[in-house]
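Q: Before I ask anything, here is the structure I am working with.
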Amino acid sequence: MMASPKYPMAGSSFFNFSQFWLDRAKPEWLKTFWPLVFLALVFFLAPAAGQAQVPIVTNSVDMTFVSVPKGRFLMGAGPGFQGDGLYERPAHEVVIPRAFRLSRTEVTFEQWNRVMGNMGFYGEKSKKDRGQLPISEVSWDEALAFVERLNELEGTKKYRLPTEAQWEYAARAGSSTAYFFGDDPKLLADYAWCGEGFAEGSAHPVGLKKANPFGLVDMIGNISEWVWDWFSPDYYAKKVSQNPKGPASGEEKVHRGGAFASDPKTCQSAWREIDLPSIRSLNIGFRVAYDE
């Protein structure tokens with residue numbers, strides 16, 4: 001029987017395994033042509049390895065960020081949308097020209113306390129028992145204050161609220177359906193805390209539901225999320241396609257994703273809600289973004 005060939009890289013774990021396996025292999029042809037088989041595997045598997053998912057990044061206050069790739073999508077009330085679409089029409093193509101990072105979960109009470117300390121609305125309240133619940137009852141102004149303070153702590157200027165277009169693009173994660181998992185609201189329970197009502201329901205610890213294809217959790221349901229944009233009823237009609245950032249000014253800010261107490265239709269990827277930037281609500285929080 002032909003001896004197993006020796007390879008320059010035989011010290012690696014992979015080659016140790018292959019040597020062990022070849023010594024016990026039955027087919028003589030495989031032992032003979034193993035070098036060619038190995039080269040073929042390297043040729044075909046190396047590109048796939050190069051396309052591996054970008055790792056999650058964790059910052060100094062244990063906020064984890066996933067990479068959202070650049071791309072284009074249909075923003076607004078497209079096929080499958082359920083509801084009158086008063087604020088969501090017309091649907092229009094939007095380009096996200098560069099990858100960005102978005103926090104994997106909504107900002108939690110624990111993260112808020114680590115960043116804000118005695119600052120802000122919750123400065124005089126102990127929220128340790130609510131650590132992994134998403135922060136709520138914070139206004140848009142206070143969400144922005146969190147972002148600014150986080151930048152100070154990390155010595156950077158990169159952190160910000162996501163734009164509305166970035167938020168919807170990330171929530172859709174390549175889908176064009178009402179929800180990232182399809183059009184059937186009966187499947188919501190697997191992916192979102194939604195439809196509980198204020199009397200019976202409440203916010204839940206982050207990360208307990210299934211993630212979307214980008215690895216983001218609670219993008220729909222649990223807590224609605226402030227985004228950067230001002231609201232204007234005719235802004236979608238302008239069909240701004242390149243990385244839109246919303247109107248230059250306005251009276252109300254947009255929040256997205258629906259919440260635990262919301263009707264299932266408000267948890268659709270395209271659904272928009274608006275409030276004054278000073279408003280606080282039990283069902284509104286936020287998450288954080290930055291450019292790669």
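Lettering and numbering for the structure tokens are positional, with chains as A, B, ... in the shown order, residues counted from 1 in each chain, and ligands counted from 1 in the shown order.
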Tell me, as a ChimeraX atom specification, which residues lie within 12 Å of Arg280 (chain A), counting only C-alpha atoms; anything in the same chain fewer than 4 positions away does not count.
A: /A:121,135-143,224-226,255,275-276,284-286
Q: Tell me which protein, DNA and RNA residues are within 7 Å of region 82-90 of chain A, counting only C-alpha atoms, leaving out same-chain ones fewer than 2 positions away, and put them as a ChimeraX atom specification.
A: /A:76-77,80,92,233,236-237,265,270-272
Q: I need the chosen residues saved as a tab-separated table (two decimals), in the first residue's frame, with N, CA and C atoms.
A:
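Saved result, out-v4.tsv, follows:
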chain	number	residue	atom	x	y	z
A	76	GLY	N	-41.14	52.03	2.32
A	76	GLY	CA	-42.55	52.42	2.37
A	76	GLY	C	-43.49	51.27	2.13
A	77	ALA	N	-44.76	51.61	1.87
A	77	ALA	CA	-45.84	50.63	1.76
A	77	ALA	C	-45.81	49.92	0.41
A	80	GLY	N	-47.95	43.75	-0.02
A	80	GLY	CA	-48.15	43.06	1.24
A	80	GLY	C	-48.41	43.97	2.42
A	92	HIS	N	-40.85	53.85	-2.48
A	92	HIS	CA	-39.84	54.39	-3.38
A	92	HIS	C	-38.50	53.71	-3.11
A	233	PRO	N	-45.27	65.18	6.14
A	233	PRO	CA	-46.22	64.30	5.46
A	233	PRO	C	-45.95	64.14	3.96
A	236	TYR	N	-41.98	61.54	1.63
A	236	TYR	CA	-41.89	60.35	0.78
A	236	TYR	C	-42.20	60.68	-0.67
A	237	ALA	N	-43.10	61.63	-0.90
A	237	ALA	CA	-43.48	61.99	-2.27
A	237	ALA	C	-42.29	62.59	-3.03
A	265	LYS	N	-50.23	45.42	12.98
A	265	LYS	CA	-49.91	46.13	11.74
A	265	LYS	C	-48.86	47.22	11.98
A	270	ALA	N	-42.49	48.85	7.38
A	270	ALA	CA	-42.67	50.17	6.78
A	270	ALA	C	-43.45	51.14	7.67
A	271	TRP	N	-44.07	50.64	8.73
A	271	TRP	CA	-44.99	51.47	9.52
A	271	TRP	C	-44.24	52.61	10.22
A	272	ARG	N	-44.83	53.80	10.18
A	272	ARG	CA	-44.20	54.98	10.78
A	272	ARG	C	-45.10	55.55	11.87
Q: Counting only C-alpha atoms, figure out which residue out of A:Ala145, A:Leu150, A:Ile274, A:Cys267 gets nearest to Glu252 (chain A).
A: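 Residue with the minimum atom-to-atom distance to Glu252 (chain A): A:Ile274.
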Q: Give me, please, the distance in Å between CA of Ser103 (chain A) and CA of Val115 (chain A), quoted to one decimal.
A: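 Value for the CA of Ser103 (chain A)-CA of Val115 (chain A) distance: 14.9 Å.
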Q: What is the CA of Tyr235 (chain A)-CA of Ser175 (chain A) distance in Å, reported with one decimal?
A: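 Distance reported for this atom pair: 22.8 Å.
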